[in-house]
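Text of the file protein35.txt, holding compact mmCIF, C-alpha atoms:
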# COMPACT_ATOMS: atom_id res chain seq x y z
CA MET A 3 35.14 0.86 -32.78
CA ARG A 4 31.73 0.78 -34.43
CA ILE A 5 30.67 -2.20 -32.28
CA LEU A 6 31.73 -0.36 -29.12
CA LYS A 7 29.48 2.54 -30.12
CA TYR A 8 26.48 0.18 -30.51
CA LEU A 9 27.24 -1.57 -27.21
CA LEU A 10 27.40 1.77 -25.45
CA LEU A 11 24.10 2.82 -26.98
CA ILE A 12 22.46 -0.46 -25.94
CA SER A 13 23.90 -0.30 -22.41
CA PHE A 14 22.33 3.15 -21.90
CA GLY A 15 19.11 2.29 -23.72
CA ILE A 16 18.17 -0.79 -21.70
CA PRO A 17 17.90 0.98 -18.29
CA VAL A 18 15.98 3.87 -19.86
CA LEU A 19 13.52 1.43 -21.44
CA PHE A 20 13.18 -0.52 -18.19
CA PHE A 21 12.41 2.52 -16.06
CA SER A 22 10.09 3.97 -18.69
CA SER A 23 8.09 0.73 -18.78
CA GLU A 24 7.92 0.67 -14.96
CA ILE A 25 6.56 4.23 -14.88
CA LEU A 26 3.99 3.41 -17.56
CA TYR A 27 2.90 0.29 -15.66
CA LEU A 28 2.42 2.21 -12.39
CA GLU A 29 0.56 5.07 -14.08
CA PHE A 30 -1.71 2.64 -15.91
CA GLY A 31 -2.41 0.91 -12.57
CA LYS A 32 -3.35 4.23 -10.98
CA LYS A 33 -5.68 5.17 -13.83
CA SER A 34 -7.41 1.81 -14.21
CA GLY A 35 -7.52 0.58 -10.59
CA LYS A 36 -10.56 0.62 -8.32
CA GLU A 37 -10.40 3.24 -5.59
CA LEU A 38 -10.37 2.42 -1.87
CA ILE A 39 -10.17 5.09 0.84
CA LEU A 40 -9.06 3.75 4.22
CA PRO A 41 -8.17 5.48 7.51
CA ILE A 42 -4.54 5.45 8.65
CA ARG A 43 -2.68 6.11 11.89
CA GLY A 44 0.97 6.68 12.68
CA TYR A 45 2.39 3.57 14.26
CA ASP A 46 5.32 5.10 16.15
CA PRO A 47 4.78 8.59 17.59
CA ARG A 48 8.53 8.97 18.15
CA ASP A 49 9.54 8.28 14.56
CA LEU A 50 6.77 8.84 12.05
CA LEU A 51 9.26 10.15 9.53
CA ALA A 52 11.84 7.62 8.37
CA GLY A 53 13.94 9.17 5.63
CA HIS A 54 11.45 11.14 3.57
CA TYR A 55 8.62 8.67 4.11
CA LEU A 56 5.63 9.01 6.42
CA ARG A 57 5.12 5.57 7.97
CA TYR A 58 1.66 4.50 9.12
CA ASN A 59 -0.71 1.61 9.80
CA ILE A 60 -3.73 1.14 7.58
CA SER A 61 -7.03 0.42 9.31
CA TYR A 62 -8.57 -2.24 7.07
CA GLN A 63 -12.01 -1.79 8.70
CA THR A 64 -12.42 -5.42 9.71
CA ASP A 65 -12.43 -7.04 13.14
CA SER A 66 -10.30 -10.11 12.49
CA LEU A 67 -7.02 -9.81 10.64
CA CYS A 68 -4.42 -12.55 10.75
CA PRO A 69 -6.45 -14.65 13.22
CA LYS A 70 -3.58 -17.06 13.94
CA THR A 71 -2.08 -14.79 16.56
CA ASP A 72 -1.36 -17.17 19.39
CA PRO A 73 1.56 -16.03 21.56
CA GLU A 74 4.08 -18.31 19.83
CA ARG A 75 3.25 -17.11 16.29
CA ILE A 76 3.12 -13.33 16.93
CA PHE A 77 6.91 -13.12 17.02
CA ILE A 78 7.36 -15.30 13.92
CA LYS A 79 7.30 -13.90 10.42
CA GLU A 80 4.91 -16.20 8.60
CA ASN A 81 5.60 -17.61 5.17
CA SER A 82 5.54 -14.50 2.97
CA GLU A 83 4.51 -16.56 -0.06
CA GLU A 84 1.11 -17.33 1.50
CA SER A 85 -1.14 -14.40 0.75
CA HIS A 86 -4.36 -13.44 2.49
CA CYS A 87 -7.02 -10.96 1.40
CA VAL A 88 -9.39 -8.35 2.81
CA CYS A 89 -12.58 -8.09 0.76
CA TYR A 90 -14.87 -5.06 0.39
CA SER A 91 -18.37 -5.04 -1.09
CA HIS A 92 -17.85 -1.66 -2.77
CA SER A 93 -15.12 0.74 -3.80
CA GLY A 94 -14.71 4.27 -2.44
CA LYS A 95 -14.62 5.21 1.24
CA ILE A 96 -14.75 2.17 3.49
CA LEU A 97 -16.44 2.43 6.90
CA GLU A 98 -15.78 0.43 10.08
CA GLY A 99 -16.83 -3.22 9.79
CA GLU A 100 -17.15 -3.29 5.98
CA GLY A 101 -14.04 -5.41 5.40
CA VAL A 102 -13.94 -9.21 5.50
CA PHE A 103 -10.66 -11.08 6.07
CA VAL A 104 -10.22 -14.06 3.73
CA GLU A 105 -7.51 -16.46 4.82
CA SER A 106 -5.37 -17.79 1.94
CA CYS A 107 -7.44 -15.69 -0.52
CA HIS A 108 -9.98 -18.48 -0.99
CA PRO A 109 -11.08 -18.31 -4.67
CA THR A 110 -14.80 -18.99 -4.08
CA THR A 111 -15.02 -16.06 -1.66
CA LEU A 112 -13.16 -13.75 -4.05
CA LYS A 113 -15.61 -14.64 -6.85
CA ASN A 114 -18.64 -13.70 -4.71
CA ARG A 115 -19.42 -10.19 -6.04
CA ASP A 116 -21.87 -9.38 -3.22
CA LEU A 117 -19.14 -9.84 -0.64
CA CYS A 118 -15.98 -9.07 -2.59
CA ARG A 119 -16.07 -6.49 -5.39
CA VAL A 120 -12.63 -5.13 -4.43
CA TYR A 121 -9.98 -6.92 -2.41
CA LEU A 122 -6.50 -6.21 -1.09
CA ARG A 123 -3.92 -8.99 -1.21
CA GLY A 124 -1.26 -9.06 1.50
CA THR A 125 0.65 -11.19 3.97
CA CYS A 126 0.59 -11.71 7.71
CA GLU A 127 3.88 -10.68 9.29
CA TYR A 128 4.34 -10.88 13.04
CA GLY A 129 0.56 -10.97 13.55
CA ARG A 130 -0.14 -7.93 11.33
CA PHE A 131 -1.65 -7.78 7.85
CA ARG A 132 0.66 -5.98 5.40
CA ILE A 133 0.07 -4.97 1.76
CA GLY A 134 3.38 -3.17 1.23
CA ASN A 135 1.90 0.35 1.15
CA GLU A 136 2.63 1.32 4.74
CA ARG A 137 4.68 4.41 3.87
CA TYR A 138 4.26 7.49 1.72
CA TYR A 139 7.07 9.51 0.14
CA VAL A 140 7.06 13.23 0.95
CA ASN A 141 9.11 16.16 -0.32
CA GLU A 142 12.23 16.84 1.77
CA GLN A 143 11.42 20.55 2.25
CA LYS A 144 7.91 19.83 3.58
CA ALA A 145 8.69 16.63 5.49
CA LEU A 146 8.72 18.11 9.01
CA GLU A 147 5.54 20.10 8.35
CA TYR A 148 3.73 16.95 7.13
CA GLU A 149 5.04 14.91 10.07
CA ALA A 150 3.70 17.47 12.57
CA ARG A 151 0.35 17.62 10.76
CA PHE A 152 0.12 13.82 10.66
CA ARG A 153 0.65 13.65 14.44
CA ARG A 154 -1.90 16.43 15.07
CA GLU A 155 -4.77 15.28 12.83
CA LYS A 156 -6.84 12.24 13.74
CA ASP A 157 -8.94 11.67 10.60
CA VAL A 158 -6.30 11.02 7.94
CA HIS A 159 -7.04 8.62 5.06
CA ILE A 160 -5.15 6.99 2.24
CA ARG A 161 -6.50 6.59 -1.28
CA LEU A 162 -5.41 3.34 -2.89
CA LYS A 163 -5.89 2.20 -6.48
CA VAL A 164 -6.38 -1.58 -6.56
CA ASN A 165 -5.87 -3.75 -9.65
CA PRO A 166 -7.93 -6.93 -10.33
CA ASP A 167 -5.28 -9.09 -8.60
CA GLY A 168 -5.59 -7.17 -5.31
CA LYS A 169 -2.28 -5.27 -5.64
CA ALA A 170 -2.62 -1.70 -4.38
CA ILE A 171 -0.82 1.47 -5.45
CA THR A 172 -0.91 4.50 -3.16
CA ASP A 173 -2.59 7.40 -4.94
CA ALA A 174 -2.82 10.09 -2.24
CA LEU A 175 -2.81 10.91 1.44
CA ILE A 176 -6.03 12.74 2.42
CA TRP A 177 -6.03 15.15 5.40
CA GLU A 178 -8.95 15.97 7.72
CA ASP A 179 -9.90 19.04 5.70
CA GLY A 180 -10.16 17.03 2.46
CA SER A 181 -6.91 18.31 0.92
CA SER A 182 -4.48 15.72 -0.31
CA LEU A 183 -0.80 15.14 -1.04

Go through the file and emit its structure as structure tokens.
Amino acid sequence: MRILKYLLLISFGIPVLFFSSEILYLEFGKKSGKELILPIRGYDPRDLLAGHYLRYNISYQTDSLCPKTDPERIFIKENSEESHCVCYSHSGKILEGEGVFVESCHPTTLKNRDLCRVYLRGTCEYGRFRIGNERYYVNEQKALEYEARFRREKDVHIRLKVNPDGKAITDALIWEDGSSL
């Protein structure tokens, strides 16, 4: 009976420890990451709200993303293990043309601090560059209000916190008037 009590305690303790460590990891990443502010746009005007998530496309502020977009490869999901990067020479708000696409995250380019102080690591899927932050969770009660506002406003940005490996965590959605979620 005593062993059953300990097993029960361990079986409840392990998930609590796991989720606590995950929360601490994400919060540490938000506090210590470099900040990037990029413009976003809704990608499907008929269904911006999927569940309680606003879905959008991030404008990476570079001209050439996923350059291998010949007609045969656009409809093919490329090898998701091969990562590519978009480099920025500074953190903060990124303007049009300040991003540089680096195919296969070439190490010599990533080490060049004049060209690449902050970079986002992602994959090319169906001819589009993805970092995995293409949706933002919103409160159920305010979801329809945020969806309507997202459709109406044109200058909406996302604030990302980027770790040294190029992995980004969404910090906030920034509206035209400067307020954020």

How close does each residue of region 144-164 of chain A get to region 80-99 of chain A, giving the shortest atom pair and distance in Å to one decimal for every residue with an atom at most 10 Å away, counting only C-alpha atoms, sorted by chain and residue number, as JSON lines?
{"residue": "A:His159", "atom": "CA", "partner": "A:Lys95", "partner_atom": "CA", "distance": 9.1}
{"residue": "A:Ile160", "atom": "CA", "partner": "A:Lys95", "partner_atom": "CA", "distance": 9.7}
{"residue": "A:Arg161", "atom": "CA", "partner": "A:Gly94", "partner_atom": "CA", "distance": 8.6}
{"residue": "A:Leu162", "atom": "CA", "partner": "A:Gly94", "partner_atom": "CA", "distance": 9.4}
{"residue": "A:Lys163", "atom": "CA", "partner": "A:Ser93", "partner_atom": "CA", "distance": 9.7}
{"residue": "A:Val164", "atom": "CA", "partner": "A:Ser93", "partner_atom": "CA", "distance": 9.5}

Which residue gives the smallest distance to Leu67 (chain A) among A:Pro166, A:Gly134, A:Gly101, A:Gly44, with all atoms listed in the file counted?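 Residue with the minimum atom-to-atom distance to Leu67 (chain A): A:Gly101.
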
Distance CA of Tyr138 (chain A)-CA of Leu56 (chain A), one decimal place?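 Taking CA of Tyr138 (chain A) and CA of Leu56 (chain A), their separation equals 5.1 Å.
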
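The spacing separating CA of Leu28 (chain A) from CA of Thr172 (chain A) amounts to 10.1 Å.
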
For Ala174 (chain A), the nearest of the candidates A:Ser13, A:Gly129, A:Pro109, A:Leu38, counting only C-alpha atoms: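 Using only C-alpha atoms, the shortest distance to Ala174 (chain A) belongs to A:Leu38.
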
May I ask which of the residues A:Ala170, A:Val158, A:Ala150, A:Ile42 is the closest one to Tyr121 (chain A), counting all atoms listed in the file? A:Ala170

What's the separation between CA of Leu19 (chain A) and CA of Ile171 (chain A), in Å to one decimal place? 21.5 Å

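Using all atoms listed in the file, the shortest contact distance between Ser61 (chain A) and any of A:Glu100, A:Arg119, A:Phe152, A:Asp173 is found at A:Glu100.
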
Compare A:Arg153, A:Lys7, A:Lys169, A:Arg123 by their minimum atom-to-atom distance to Arg57 (chain A), counting all atoms listed in the file, and give me the closest one.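 Under the stated criterion, the closest residue is A:Arg153.
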
Residues within 12 Å of (-7.6, 21.5, 5.4), file coordinates, counting all atoms listed in the file: what are they? Give the list as an mmCIF file with C-alpha atoms, keeping the file's coordinate frame.
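For reference, selection04.cif as written:
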data_model
loop_
_atom_site.group_PDB
_atom_site.id
_atom_site.type_symbol
_atom_site.label_atom_id
_atom_site.label_comp_id
_atom_site.auth_asym_id
_atom_site.auth_seq_id
_atom_site.Cartn_x
_atom_site.Cartn_y
_atom_site.Cartn_z
ATOM 1 C CA ARG A 151 0.350 17.620 10.760
ATOM 2 C CA GLU A 155 -4.770 15.280 12.830
ATOM 3 C CA ASP A 157 -8.940 11.670 10.600
ATOM 4 C CA VAL A 158 -6.300 11.020 7.940
ATOM 5 C CA ILE A 176 -6.030 12.740 2.420
ATOM 6 C CA TRP A 177 -6.030 15.150 5.400
ATOM 7 C CA GLU A 178 -8.950 15.970 7.720
ATOM 8 C CA ASP A 179 -9.900 19.040 5.700
ATOM 9 C CA GLY A 180 -10.160 17.030 2.460
ATOM 10 C CA SER A 181 -6.910 18.310 0.920
ATOM 11 C CA SER A 182 -4.480 15.720 -0.310
ATOM 12 C CA LEU A 183 -0.800 15.140 -1.040
#

For region 56-68 of chain A, supply N, CA and C atoms and report the output as a CSV table (one decimal), in the frame of the given file.
chain,number,residue,atom,x,y,z
A,56,LEU,N,6.5,9.1,5.3
A,56,LEU,CA,5.6,9.0,6.4
A,56,LEU,C,5.3,7.5,6.6
A,57,ARG,N,5.4,7.0,7.7
A,57,ARG,CA,5.1,5.6,8.0
A,57,ARG,C,3.8,5.5,8.8
A,58,TYR,N,3.0,4.6,8.5
A,58,TYR,CA,1.7,4.5,9.1
A,58,TYR,C,1.1,3.1,9.1
A,59,ASN,N,0.1,2.9,9.8
A,59,ASN,CA,-0.7,1.6,9.8
A,59,ASN,C,-2.0,1.9,9.1
A,60,ILE,N,-2.4,1.0,8.3
A,60,ILE,CA,-3.7,1.1,7.6
A,60,ILE,C,-4.8,0.4,8.4
A,61,SER,N,-5.9,1.1,8.6
A,61,SER,CA,-7.0,0.4,9.3
A,61,SER,C,-7.9,-0.2,8.2
A,62,TYR,N,-7.9,-1.5,8.1
A,62,TYR,CA,-8.6,-2.2,7.1
A,62,TYR,C,-10.1,-2.4,7.3
A,63,GLN,N,-10.6,-1.8,8.4
A,63,GLN,CA,-12.0,-1.8,8.7
A,63,GLN,C,-12.6,-3.2,8.8
A,64,THR,N,-11.9,-4.1,9.4
A,64,THR,CA,-12.4,-5.4,9.7
A,64,THR,C,-12.0,-5.8,11.1
A,65,ASP,N,-12.7,-6.7,11.8
A,65,ASP,CA,-12.4,-7.0,13.1
A,65,ASP,C,-11.3,-8.1,13.2
A,66,SER,N,-11.3,-9.0,12.4
A,66,SER,CA,-10.3,-10.1,12.5
A,66,SER,C,-9.3,-10.1,11.3
A,67,LEU,N,-8.1,-9.7,11.6
A,67,LEU,CA,-7.0,-9.8,10.6
A,67,LEU,C,-6.0,-10.8,11.2
A,68,CYS,N,-5.5,-11.6,10.3
A,68,CYS,CA,-4.4,-12.6,10.8
A,68,CYS,C,-4.8,-13.3,12.0
